[in-house]
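S.K.: I am sharing structure16.cif, which consists of mmCIF, C-alpha atoms and all ligand atoms:
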```cif
data_query
loop_
_atom_site.group_PDB
_atom_site.id
_atom_site.type_symbol
_atom_site.label_atom_id
_atom_site.label_comp_id
_atom_site.auth_asym_id
_atom_site.auth_seq_id
_atom_site.Cartn_x
_atom_site.Cartn_y
_atom_site.Cartn_z
ATOM 1 C CA GLY K 1 -27.146 8.448 26.200
ATOM 2 C CA CYS K 2 -23.813 8.415 27.919
ATOM 3 C CA GLN K 3 -22.887 5.028 29.328
ATOM 4 C CA GLY K 4 -20.020 4.376 31.671
ATOM 5 C CA GLY K 5 -18.986 7.941 32.179
ATOM 6 C CA SER K 6 -16.178 8.057 29.639
ATOM 7 C CA CYS K 7 -17.631 10.459 27.077
ATOM 8 C CA GLY K 8 -16.636 14.094 27.047
ATOM 9 C CA SER K 9 -19.950 15.706 27.908
ATOM 10 C CA GLU K 10 -20.535 13.456 30.881
ATOM 11 C CA LYS K 11 -17.068 14.287 32.150
ATOM 12 C CA LYS K 12 -17.638 17.975 31.759
ATOM 13 C CA SER K 13 -20.913 17.977 33.605
ATOM 14 C CA SER K 14 -19.581 15.954 36.533
ATOM 15 C CA LEU K 15 -16.613 18.284 36.717
ATOM 16 C CA ALA K 16 -19.050 21.130 37.178
ATOM 17 C CA ASN K 17 -21.328 19.257 39.573
ATOM 18 C CA HIS K 18 -18.761 17.953 42.021
ATOM 19 C CA PRO K 19 -17.901 20.810 44.364
ATOM 20 C CA CYS K 20 -14.300 19.712 44.901
ATOM 21 C CA PHE K 21 -13.516 19.251 41.221
ATOM 22 C CA SER K 22 -14.966 22.472 39.920
ATOM 23 C CA PRO K 23 -13.270 25.840 40.205
ATOM 24 C CA HIS K 24 -16.821 27.257 40.290
ATOM 25 C CA GLY K 25 -18.610 24.693 42.416
ATOM 26 C CA HIS K 26 -18.328 26.667 45.587
ATOM 27 C CA GLY K 27 -21.376 27.018 47.805
ATOM 28 C CA LYS K 28 -23.822 25.132 45.621
ATOM 29 C CA THR K 29 -23.352 21.486 46.408
ATOM 30 C CA GLY K 30 -23.149 19.455 49.558
ATOM 31 C CA ARG K 31 -20.888 16.550 50.341
ATOM 32 C CA ILE K 32 -20.513 14.227 53.263
ATOM 33 C CA HIS K 33 -17.418 12.275 54.275
ATOM 34 C CA LEU K 34 -17.779 8.914 55.937
ATOM 35 C CA PRO K 35 -14.838 8.075 58.234
ATOM 36 C CA VAL K 36 -14.820 4.307 57.674
ATOM 37 C CA ALA K 37 -11.149 3.788 56.726
ATOM 38 C CA PRO K 38 -8.732 3.867 59.662
ATOM 39 C CA GLY K 39 -5.726 1.898 58.370
ATOM 40 C CA CYS K 40 -2.971 3.218 56.120
ATOM 41 C CA ASN K 41 -0.384 1.438 53.982
ATOM 42 C CA ILE K 42 2.221 4.204 53.818
ATOM 43 C CA SER K 43 3.682 6.853 56.104
ATOM 44 C CA CYS K 44 3.762 10.523 55.154
ATOM 45 C CA GLY K 45 6.125 12.818 57.009
ATOM 46 C CA TYR K 46 3.355 15.352 57.608
ATOM 47 C CA CYS K 47 0.935 12.807 59.025
ATOM 48 C CA VAL K 48 0.406 12.245 62.713
ATOM 49 C CA ARG K 49 -1.382 8.937 62.740
ATOM 50 C CA LYS K 50 -3.814 9.611 65.530
ATOM 51 C CA PHE K 51 -5.307 12.384 63.389
ATOM 52 C CA ASP K 52 -7.131 12.381 60.049
ATOM 53 C CA CYS K 53 -5.420 11.728 56.762
ATOM 54 C CA ALA K 54 -3.922 14.878 55.264
ATOM 55 C CA ASN K 55 -5.116 13.659 51.879
ATOM 56 C CA GLU K 56 -8.346 15.546 52.339
ATOM 57 C CA SER K 57 -8.366 16.425 55.987
ATOM 58 C CA ARG K 58 -7.457 19.077 58.403
ATOM 59 C CA PRO K 59 -5.002 17.137 60.551
ATOM 60 C CA GLY K 60 -5.303 17.865 64.218
ATOM 61 C CA VAL K 61 -8.941 16.925 64.452
ATOM 62 C CA THR K 62 -9.702 13.295 65.182
ATOM 63 C CA SER K 63 -12.773 11.659 63.779
ATOM 64 C CA ARG K 64 -14.500 8.656 65.257
ATOM 65 C CA VAL K 65 -14.297 5.737 62.874
ATOM 66 C CA ILE K 66 -17.686 4.261 62.004
ATOM 67 C CA ASN K 67 -18.763 1.033 60.276
ATOM 68 C CA PRO K 68 -20.589 0.779 56.914
ATOM 69 C CA GLU K 69 -24.064 0.495 58.487
ATOM 70 C CA GLN K 70 -23.447 3.528 60.673
ATOM 71 C CA ALA K 71 -22.141 5.332 57.600
ATOM 72 C CA LEU K 72 -25.300 4.595 55.626
ATOM 73 C CA TRP K 73 -27.351 5.812 58.549
ATOM 74 C CA ARG K 74 -25.322 9.016 58.584
ATOM 75 C CA VAL K 75 -26.165 9.581 54.901
ATOM 76 C CA GLU K 76 -29.858 8.937 55.610
ATOM 77 C CA LYS K 77 -29.777 11.454 58.444
ATOM 78 C CA ALA K 78 -28.006 14.048 56.319
ATOM 79 C CA LEU K 79 -30.537 13.635 53.509
ATOM 80 C CA ALA K 80 -33.374 14.139 55.968
ATOM 81 C CA GLY K 81 -31.763 17.260 57.426
ATOM 82 C CA SER K 82 -31.419 20.822 56.206
ATOM 83 C CA MET K 83 -28.577 19.942 53.827
ATOM 84 C CA GLY K 84 -30.619 17.136 52.269
ATOM 85 C CA PRO K 85 -31.669 18.959 49.098
ATOM 86 C CA TYR K 86 -28.052 19.947 48.338
ATOM 87 C CA LEU K 87 -26.312 16.704 49.219
ATOM 88 C CA ALA K 88 -24.858 15.362 45.977
ATOM 89 C CA VAL K 89 -21.542 13.755 46.893
ATOM 90 C CA VAL K 90 -20.587 11.005 49.332
ATOM 91 C CA GLY K 91 -16.832 10.825 49.815
ATOM 92 C CA ILE K 92 -14.440 8.568 51.692
ATOM 93 C CA ALA K 93 -11.204 10.262 52.655
ATOM 94 C CA GLY K 94 -9.904 8.507 55.722
ATOM 95 C CA PRO K 95 -8.924 8.883 58.410
ATOM 96 C CA GLY K 96 -6.380 6.508 56.798
ATOM 97 C CA GLU K 97 -6.084 5.184 53.242
ATOM 98 C CA PRO K 98 -9.558 4.359 51.850
ATOM 99 C CA LEU K 99 -8.357 1.801 49.286
ATOM 100 C CA ALA K 100 -6.548 -0.195 51.995
ATOM 101 C CA ASN K 101 -9.776 -0.657 54.007
ATOM 102 C CA PRO K 102 -12.440 -3.184 52.887
ATOM 103 C CA ASN K 103 -15.100 -1.129 54.683
ATOM 104 C CA THR K 104 -14.606 1.632 52.104
ATOM 105 C CA PHE K 105 -15.974 -0.659 49.402
ATOM 106 C CA ARG K 106 -18.740 -2.077 51.607
ATOM 107 C CA THR K 107 -19.872 1.420 52.494
ATOM 108 C CA LEU K 108 -19.878 2.715 48.931
ATOM 109 C CA ARG K 109 -21.880 -0.320 47.785
ATOM 110 C CA LEU K 110 -24.472 0.256 50.517
ATOM 111 C CA VAL K 111 -24.801 3.935 49.635
ATOM 112 C CA LYS K 112 -25.026 3.299 45.889
ATOM 113 C CA GLU K 113 -27.649 0.588 46.371
ATOM 114 C CA LYS K 114 -29.872 2.861 48.393
ATOM 115 C CA TYR K 115 -29.106 6.154 46.607
ATOM 116 C CA PRO K 116 -28.142 5.323 43.005
ATOM 117 C CA HIS K 117 -27.958 8.969 41.952
ATOM 118 C CA MET K 118 -25.457 10.035 44.600
ATOM 119 C CA MET K 119 -21.986 10.916 43.249
ATOM 120 C CA LEU K 120 -19.329 8.802 44.931
ATOM 121 C CA CYS K 121 -15.812 10.039 45.565
ATOM 122 C CA VAL K 122 -12.695 8.478 47.070
ATOM 123 C CA SER K 123 -9.441 10.081 48.137
ATOM 124 C CA SER K 124 -6.283 7.951 48.006
ATOM 125 C CA ASN K 125 -2.513 7.923 48.268
ATOM 126 C CA GLY K 126 -2.594 5.937 45.033
ATOM 127 C CA LEU K 127 -0.578 2.904 46.125
ATOM 128 C CA LEU K 128 -3.411 0.438 45.463
ATOM 129 C CA LEU K 129 -5.212 2.367 42.760
ATOM 130 C CA THR K 130 -4.274 0.181 39.759
ATOM 131 C CA GLU K 131 -5.615 -2.941 41.437
ATOM 132 C CA LYS K 132 -8.808 -1.244 42.642
ATOM 133 C CA VAL K 133 -9.887 0.720 39.558
ATOM 134 C CA GLU K 134 -12.186 -2.032 38.209
ATOM 135 C CA GLU K 135 -13.925 -2.415 41.558
ATOM 136 C CA LEU K 136 -14.374 1.345 41.912
ATOM 137 C CA ILE K 137 -15.930 1.527 38.436
ATOM 138 C CA GLU K 138 -18.131 -1.484 39.097
ATOM 139 C CA ILE K 139 -19.504 0.090 42.295
ATOM 140 C CA GLY K 140 -20.188 3.341 40.454
ATOM 141 C CA ILE K 141 -17.527 5.685 41.812
ATOM 142 C CA SER K 142 -17.111 8.646 39.456
ATOM 143 C CA HIS K 143 -14.420 10.774 41.112
ATOM 144 C CA ILE K 144 -11.052 9.957 42.633
ATOM 145 C CA THR K 145 -8.451 12.151 44.279
ATOM 146 C CA VAL K 146 -4.824 11.020 44.397
ATOM 147 C CA THR K 147 -2.319 12.774 46.632
ATOM 148 C CA LEU K 148 1.001 12.873 44.761
ATOM 149 C CA ASN K 149 3.816 15.008 46.120
ATOM 150 C CA SER K 150 6.771 14.276 43.849
ATOM 151 C CA LEU K 151 7.843 12.350 40.763
ATOM 152 C CA ARG K 152 11.390 11.961 42.099
ATOM 153 C CA PRO K 153 12.333 9.018 44.328
ATOM 154 C CA GLU K 154 14.994 11.090 46.148
ATOM 155 C CA THR K 155 12.324 13.617 47.143
ATOM 156 C CA GLY K 156 9.827 10.877 47.926
ATOM 157 C CA ALA K 157 12.329 9.263 50.257
ATOM 158 C CA ALA K 158 12.349 12.490 52.289
ATOM 159 C CA ILE K 159 8.536 12.619 52.423
ATOM 160 C CA TYR K 160 7.591 8.969 53.010
ATOM 161 C CA PRO K 161 9.388 7.125 55.823
ATOM 162 C CA TYR K 162 7.938 3.787 54.681
ATOM 163 C CA VAL K 163 5.535 2.047 52.322
ATOM 164 C CA TYR K 164 3.873 -1.328 52.892
ATOM 165 C CA TRP K 165 3.828 -3.262 49.647
ATOM 166 C CA LYS K 166 2.616 -6.875 49.332
ATOM 167 C CA GLY K 167 3.371 -7.635 52.974
ATOM 168 C CA GLU K 168 6.802 -6.040 52.881
ATOM 169 C CA LYS K 169 7.899 -2.827 54.583
ATOM 170 C CA LEU K 170 9.894 -0.732 52.093
ATOM 171 C CA THR K 171 11.972 2.260 53.179
ATOM 172 C CA GLY K 172 14.166 4.886 51.534
ATOM 173 C CA LEU K 173 14.392 5.017 47.752
ATOM 174 C CA ALA K 174 12.719 1.631 47.303
ATOM 175 C CA ALA K 175 9.616 2.851 49.157
ATOM 176 C CA ALA K 176 9.378 6.067 47.157
ATOM 177 C CA GLU K 177 10.039 4.352 43.827
ATOM 178 C CA ARG K 178 7.265 1.838 44.426
ATOM 179 C CA LEU K 179 4.774 4.461 45.593
ATOM 180 C CA ILE K 180 5.448 6.895 42.725
ATOM 181 C CA GLU K 181 5.327 4.136 40.124
ATOM 182 C CA GLN K 182 1.961 2.936 41.449
ATOM 183 C CA GLN K 183 0.567 6.468 41.711
ATOM 184 C CA LEU K 184 1.392 7.251 38.085
ATOM 185 C CA LYS K 185 0.068 3.933 36.792
ATOM 186 C CA GLY K 186 -3.043 4.351 38.906
ATOM 187 C CA ILE K 187 -3.786 7.882 37.702
ATOM 188 C CA GLU K 188 -3.429 6.781 34.087
ATOM 189 C CA LYS K 189 -5.557 3.671 34.518
ATOM 190 C CA ALA K 190 -8.278 5.514 36.431
ATOM 191 C CA ALA K 191 -8.474 8.308 33.850
ATOM 192 C CA GLN K 192 -8.573 5.826 30.980
ATOM 193 C CA ALA K 193 -11.360 3.923 32.712
ATOM 194 C CA GLY K 194 -13.443 7.110 32.769
ATOM 195 C CA LEU K 195 -12.956 8.249 36.362
ATOM 196 C CA LEU K 196 -12.476 11.962 36.924
ATOM 197 C CA VAL K 197 -9.082 12.285 38.545
ATOM 198 C CA LYS K 198 -8.023 15.147 40.788
ATOM 199 C CA VAL K 199 -4.439 15.272 42.006
ATOM 200 C CA ASN K 200 -3.658 16.790 45.378
ATOM 201 C CA THR K 201 -0.108 17.986 45.970
ATOM 202 C CA VAL K 202 1.046 19.105 49.394
ATOM 203 C CA VAL K 203 3.472 21.990 48.860
ATOM 204 C CA ILE K 204 6.421 21.412 51.207
ATOM 205 C CA PRO K 205 8.917 24.312 51.144
ATOM 206 C CA GLY K 206 12.476 23.206 50.450
ATOM 207 C CA ILE K 207 11.318 19.655 49.670
ATOM 208 C CA ASN K 208 9.032 19.687 46.614
ATOM 209 C CA ASP K 209 8.108 23.325 45.979
ATOM 210 C CA GLU K 210 10.404 23.497 42.945
ATOM 211 C CA GLN K 211 8.676 20.491 41.399
ATOM 212 C CA ILE K 212 5.090 21.709 41.108
ATOM 213 C CA GLU K 213 5.262 22.358 37.356
ATOM 214 C CA GLU K 214 6.757 18.989 36.486
ATOM 215 C CA ILE K 215 4.071 17.294 38.604
ATOM 216 C CA ALA K 216 1.327 19.250 36.824
ATOM 217 C CA GLU K 217 2.735 18.404 33.357
ATOM 218 C CA LYS K 218 3.101 14.729 34.156
ATOM 219 C CA VAL K 219 -0.312 14.126 35.730
ATOM 220 C CA LYS K 220 -1.962 16.079 32.944
ATOM 221 C CA SER K 221 -0.300 13.819 30.375
ATOM 222 C CA LEU K 222 -1.696 10.829 32.274
ATOM 223 C CA GLY K 223 -5.248 12.171 32.153
ATOM 224 C CA ALA K 224 -5.772 14.030 35.449
ATOM 225 C CA ALA K 225 -8.456 16.724 35.148
ATOM 226 C CA VAL K 226 -7.646 19.024 38.053
ATOM 227 C CA LEU K 227 -4.736 19.874 40.322
ATOM 228 C CA ASN K 228 -5.237 20.976 43.901
ATOM 229 C CA LEU K 229 -2.197 22.460 45.632
ATOM 230 C CA MET K 230 -2.410 22.289 49.406
ATOM 231 C CA PRO K 231 -0.104 24.117 51.805
ATOM 232 C CA LEU K 232 1.882 21.910 54.193
ATOM 233 C CA ILE K 233 0.498 21.702 57.684
ATOM 234 C CA ASN K 234 3.699 21.464 59.665
ATOM 235 C CA GLN K 235 3.512 18.505 61.980
ATOM 236 C CA GLY K 236 5.118 15.092 62.236
ATOM 237 C CA ILE K 237 8.682 15.015 60.896
ATOM 238 C CA PHE K 238 7.991 18.323 59.111
ATOM 239 C CA ALA K 239 7.082 20.152 62.322
ATOM 240 C CA HIS K 240 10.187 22.345 61.934
ATOM 241 C CA LEU K 241 9.320 23.577 58.408
ATOM 242 C CA GLU K 242 7.555 26.875 57.705
ATOM 243 C CA PRO K 243 4.353 26.235 55.733
ATOM 244 C CA PRO K 244 4.076 28.175 52.469
ATOM 245 C CA THR K 245 2.459 31.606 52.819
ATOM 246 C CA VAL K 246 -0.820 32.526 51.146
ATOM 247 C CA THR K 247 1.146 34.619 48.628
ATOM 248 C CA GLU K 248 3.481 31.737 47.837
ATOM 249 C CA MET K 249 0.503 29.423 47.309
ATOM 250 C CA THR K 250 -1.063 31.950 44.935
ATOM 251 C CA GLN K 251 2.206 32.122 42.990
ATOM 252 C CA HIS K 252 2.442 28.347 42.768
ATOM 253 C CA ARG K 253 -1.149 28.148 41.528
ATOM 254 C CA GLN K 254 -0.524 30.832 38.924
ATOM 255 C CA LYS K 255 2.539 28.980 37.642
ATOM 256 C CA VAL K 256 0.580 25.817 36.903
ATOM 257 C CA ALA K 257 -2.804 27.320 36.029
ATOM 258 C CA THR K 258 -1.945 27.186 32.322
ATOM 259 C CA ILE K 259 -1.294 23.446 32.658
ATOM 260 C CA LEU K 260 -4.310 22.261 34.675
ATOM 261 C CA PRO K 261 -7.383 23.867 36.275
ATOM 262 C CA GLN K 262 -6.703 24.819 39.886
ATOM 263 C CA ILE K 263 -8.928 24.343 42.878
ATOM 264 C CA ALA K 264 -8.198 27.233 45.184
ATOM 265 C CA HIS K 265 -11.185 26.908 47.505
ATOM 266 C CA CYS K 266 -10.373 23.451 48.896
ATOM 267 C CA ARG K 267 -10.758 23.449 52.640
ATOM 268 C CA GLN K 268 -8.746 20.282 53.258
ATOM 269 C CA CYS K 269 -11.829 18.950 54.872
ATOM 270 C CA ARG K 270 -11.916 16.449 57.698
ATOM 271 C CA ALA K 271 -12.501 12.752 57.094
ATOM 272 C CA ASP K 272 -15.881 13.160 58.783
ATOM 273 C CA ALA K 273 -16.735 16.506 57.190
ATOM 274 C CA ILE K 274 -20.231 17.396 56.145
ATOM 275 C CA GLY K 275 -21.621 20.475 54.505
ATOM 276 C CA LEU K 276 -21.679 22.790 51.525
ATOM 277 C CA ILE K 277 -18.395 23.701 49.895
HETATM 278 FE FE1 LIG A 301 -1.387 9.795 56.822
HETATM 279 FE FE2 LIG A 301 -2.881 9.857 54.657
HETATM 280 FE FE3 LIG A 301 -0.242 9.746 54.407
HETATM 281 FE FE4 LIG A 301 -1.599 7.632 55.247
HETATM 282 S S1 LIG A 301 -1.709 8.578 53.201
HETATM 283 S S2 LIG A 301 0.280 8.444 56.167
HETATM 284 S S3 LIG A 301 -3.222 8.560 56.505
HETATM 285 S S4 LIG A 301 -1.417 11.449 55.309
HETATM 286 FE FE1 LIG A 302 -14.016 13.800 47.308
HETATM 287 FE FE2 LIG A 302 -11.970 15.000 48.495
HETATM 288 FE FE3 LIG A 302 -14.135 16.394 47.919
HETATM 289 FE FE4 LIG A 302 -14.185 14.608 49.838
HETATM 290 S S1 LIG A 302 -12.992 16.517 49.806
HETATM 291 S S2 LIG A 302 -15.742 14.847 48.292
HETATM 292 S S3 LIG A 302 -12.854 12.989 49.029
HETATM 293 S S4 LIG A 302 -12.710 15.431 46.470
#
```
Once you've parsed the file, please lay out its structure as structure tokens.
M.R.:
Amino acid sequence: GCQGGSCGSEKKSSLANHPCFSPHGHGKTGRIHLPVAPGCNISCGYCVRKFDCANESRPGVTSRVINPEQALWRVEKALAGSMGPYLAVVGIAGPGEPLANPNTFRTLRLVKEKYPHMMLCVSSNGLLLTEKVEELIEIGISHITVTLNSLRPETGAAIYPYVYWKGEKLTGLAAAERLIEQQLKGIEKAAQAGLLVKVNTVVIPGINDEQIEEIAEKVKSLGAAVLNLMPLINQGIFAHLEPPTVTEMTQHRQKVATILPQIAHCRQCRADAIGLI
């Protein structure tokens, strides 16, 4: 049997089973997001903090933050409802940075204890991923999404106004360098540990849209399994930018489709989303 989730066949089947990681998973599997993680350790130019994290969310819709017990209750209710038979994935995607919130780990432990067969998924900006990989594995998380928007510190400095690192507020190039370094290390460590890694990249015209191929090549070399390109939602300091058109997004996806499988059906779901995807 496959232990620990690092063998090829296990990876393949969970790729197919998790609706957000499979190009074909659409409409067959249910997932629920538990909004237990309000705080964030970085600032993204496209994020308006009173809304959900753009990692996996549709910004502009607030979600009420709940505690781990309420979250478990929400899973129980969902399993008892009409989606129950389809519910296969419990994800934590915000509204802030899941790995920076202790309640993320408490919640996932509660869910895994009660429902050992549920797939667990976390979405992250990657800053704390290297130091949390062991704990994620120990709890039984199988899938992680990392939002990575550039490999270049100069570009990162335009996207991230600041990064909190070990109690210090970094800005400019120092902030971007630290974040990118941690994201890349984290993706590699998570993939090596047997987690299925999806990378989300927000396509920001004029900022990182010329860098999509180099991002795809790099994260593939580090072990990422899937790349999900998301169009910018223009708000925050990027309110003045035109989001990429549907045609432009299709072109970007075609360019990198030979490098990594693409997820084109992602709905950038809310931190408190529930349903079939
Ligand atoms: Fe907002 Fe998410 Fe970026 Fe944090 S990581 S600033 S919550 S978009
Ligand atoms: Fe996981 Fe993201 Fe899918 Fe939620 S939307 S289940 S966090 S991959």
S.K.: Using only C-alpha atoms and all ligand atoms, determine which residues fall within 7 Å of ligand LIG 302 (chain A), then list them as an MDAnalysis selection string.
M.R.: chainID K and resid 19:21 31:33 56 89:93 121:123 143:145 268:269
S.K.: Could you write out the selected residues, including C-alpha atoms, as a PDB file, in the coordinates of the input?
M.R.:
```pdb
ATOM      1  CA  PRO K  19     -17.901  20.810  44.364  1.00  0.00           C
ATOM      2  CA  CYS K  20     -14.300  19.712  44.901  1.00  0.00           C
ATOM      3  CA  PHE K  21     -13.516  19.251  41.221  1.00  0.00           C
ATOM      4  CA  ARG K  31     -20.888  16.550  50.341  1.00  0.00           C
ATOM      5  CA  ILE K  32     -20.513  14.227  53.263  1.00  0.00           C
ATOM      6  CA  HIS K  33     -17.418  12.275  54.275  1.00  0.00           C
ATOM      7  CA  GLU K  56      -8.346  15.546  52.339  1.00  0.00           C
ATOM      8  CA  VAL K  89     -21.542  13.755  46.893  1.00  0.00           C
ATOM      9  CA  VAL K  90     -20.587  11.005  49.332  1.00  0.00           C
ATOM     10  CA  GLY K  91     -16.832  10.825  49.815  1.00  0.00           C
ATOM     11  CA  ILE K  92     -14.440   8.568  51.692  1.00  0.00           C
ATOM     12  CA  ALA K  93     -11.204  10.262  52.655  1.00  0.00           C
ATOM     13  CA  CYS K 121     -15.812  10.039  45.565  1.00  0.00           C
ATOM     14  CA  VAL K 122     -12.695   8.478  47.070  1.00  0.00           C
ATOM     15  CA  SER K 123      -9.441  10.081  48.137  1.00  0.00           C
ATOM     16  CA  HIS K 143     -14.420  10.774  41.112  1.00  0.00           C
ATOM     17  CA  ILE K 144     -11.052   9.957  42.633  1.00  0.00           C
ATOM     18  CA  THR K 145      -8.451  12.151  44.279  1.00  0.00           C
ATOM     19  CA  GLN K 268      -8.746  20.282  53.258  1.00  0.00           C
ATOM     20  CA  CYS K 269     -11.829  18.950  54.872  1.00  0.00           C
TER      21      CYS K 269
END
```
S.K.: Considering all atoms listed in the file, state which residue in the set K:Leu128, K:Gly223, K:Gly140, K:Asn101 is at the smallest distance from Arg178 of chain K.
M.R.: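 Among the listed residues, the smallest separation from Arg178 of chain K belongs to K:Leu128.
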S.K.: Might I get the box with edges along x, y and z of the file that holds all atoms of segment 121-136 of chain K listed there, padded by 6 Å on every side, given as centre and edge lengths in Å to one decimal, as JSON?
M.R.:
```
{"center_x": -8.2, "center_y": 3.6, "center_z": 43.2, "size_x": 27.2, "size_y": 25.0, "size_z": 22.1}
```
S.K.: Let me make sure I understand: among K:Val256, K:Leu232, K:Met83, K:Leu110, which one has the smallest atom-to-atom distance to ligand LIG 301 (chain A) if we use only C-alpha atoms and all ligand atoms?
M.R.: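 Looking only at the distances to ligand LIG 301 (chain A), the closest residue turns out to be K:Leu232.
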S.K.: Would you work out the distance separating atom CA of Pro35 of chain K from atom CA of Pro116 of chain K, expressed in Å to one decimal?
M.R.: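 Going from atom CA of Pro35 of chain K over to atom CA of Pro116 of chain K, I get 20.4 Å.
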S.K.: Choose the residue, out of K:Cys44, K:Ile215, K:Leu129, K:Ile66, that has the smallest atom-to-atom separation from ligand LIG 301 (chain A); count all atoms listed in the file.
M.R.: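 Closest to ligand LIG 301 (chain A) of all the choices is K:Cys44.
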S.K.: Select, from K:Thr155, K:Asn67, K:Thr201, K:Thr107, the residue with the minimum atom-to-atom distance to ligand LIG 301 (chain A), counting all atoms listed in the file.
M.R.: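 Smallest distance to ligand LIG 301 (chain A) is found for K:Thr201.
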S.K.: Would you write out, as a PyMOL selection string, every residue that the PyMOL selection byres (((chain K and resi 105) around 12) and not hetatm) captures in this file?
M.R.: chain K and resi 34+36-37+67-68+71+91-92+98-104+106-112+120-122+132-141
S.K.: As a list of chain:residue names, please: the residues near segment 125-127 of chain K (cut-off 9 Å, all atoms listed in the file, same-chain neighbours under 4 positions excluded).
M.R.: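 Answer for this query is K:Asn41, K:Ile42, K:Asn55, K:Glu97, K:Pro98, K:Leu99, K:Ala100, K:Thr145, K:Val146, K:Thr147, K:Leu148, K:Val163, K:Trp165, K:Arg178, K:Leu179, K:Ile180, K:Glu181, K:Gln182, K:Gln183, K:Leu184, K:Lys185, K:Gly186, K:Ile187.
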S.K.: Which value, in Å to one decimal, gives the distance between atom CA of Ile237 of chain K and atom CA of Gly45 of chain K?
M.R.: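 Distance between the two atoms: 5.1 Å.
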S.K.: Quick one: residues within 10 Å of segment 159-161 of chain K, all atoms listed in the file counted, chain neighbours fewer than 4 positions away excluded, as a list in words?
M.R.: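 Here the answer would be Ile42, Ser43, Cys44, Gly45, Tyr46, Cys47, Asn149, Ser150, Pro153, Glu154, Thr155, Leu170, Thr171, Gly172, Leu173, Ala175, Ala176, Leu179, Ile204, Ile207, Asn208, Ile237 and Phe238 of chain K.
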S.K.: Which distance in Å separates atom CA of Ala257 of chain K and atom CA of Glu217 of chain K, to one decimal?
M.R.: 10.8 Å
S.K.: Can you tell me, as a list in words, what residues are no more than 9 Å from Pro231 of chain K when counting all atoms listed in the file, ignoring any on the same chain fewer than 2 positions away?
M.R.: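 These residues fall inside the cut-off: Thr201, Val202, Val203, Ile204, Leu229, Ile233, Pro243, Pro244, Thr245, Val246 and Met249 of chain K.
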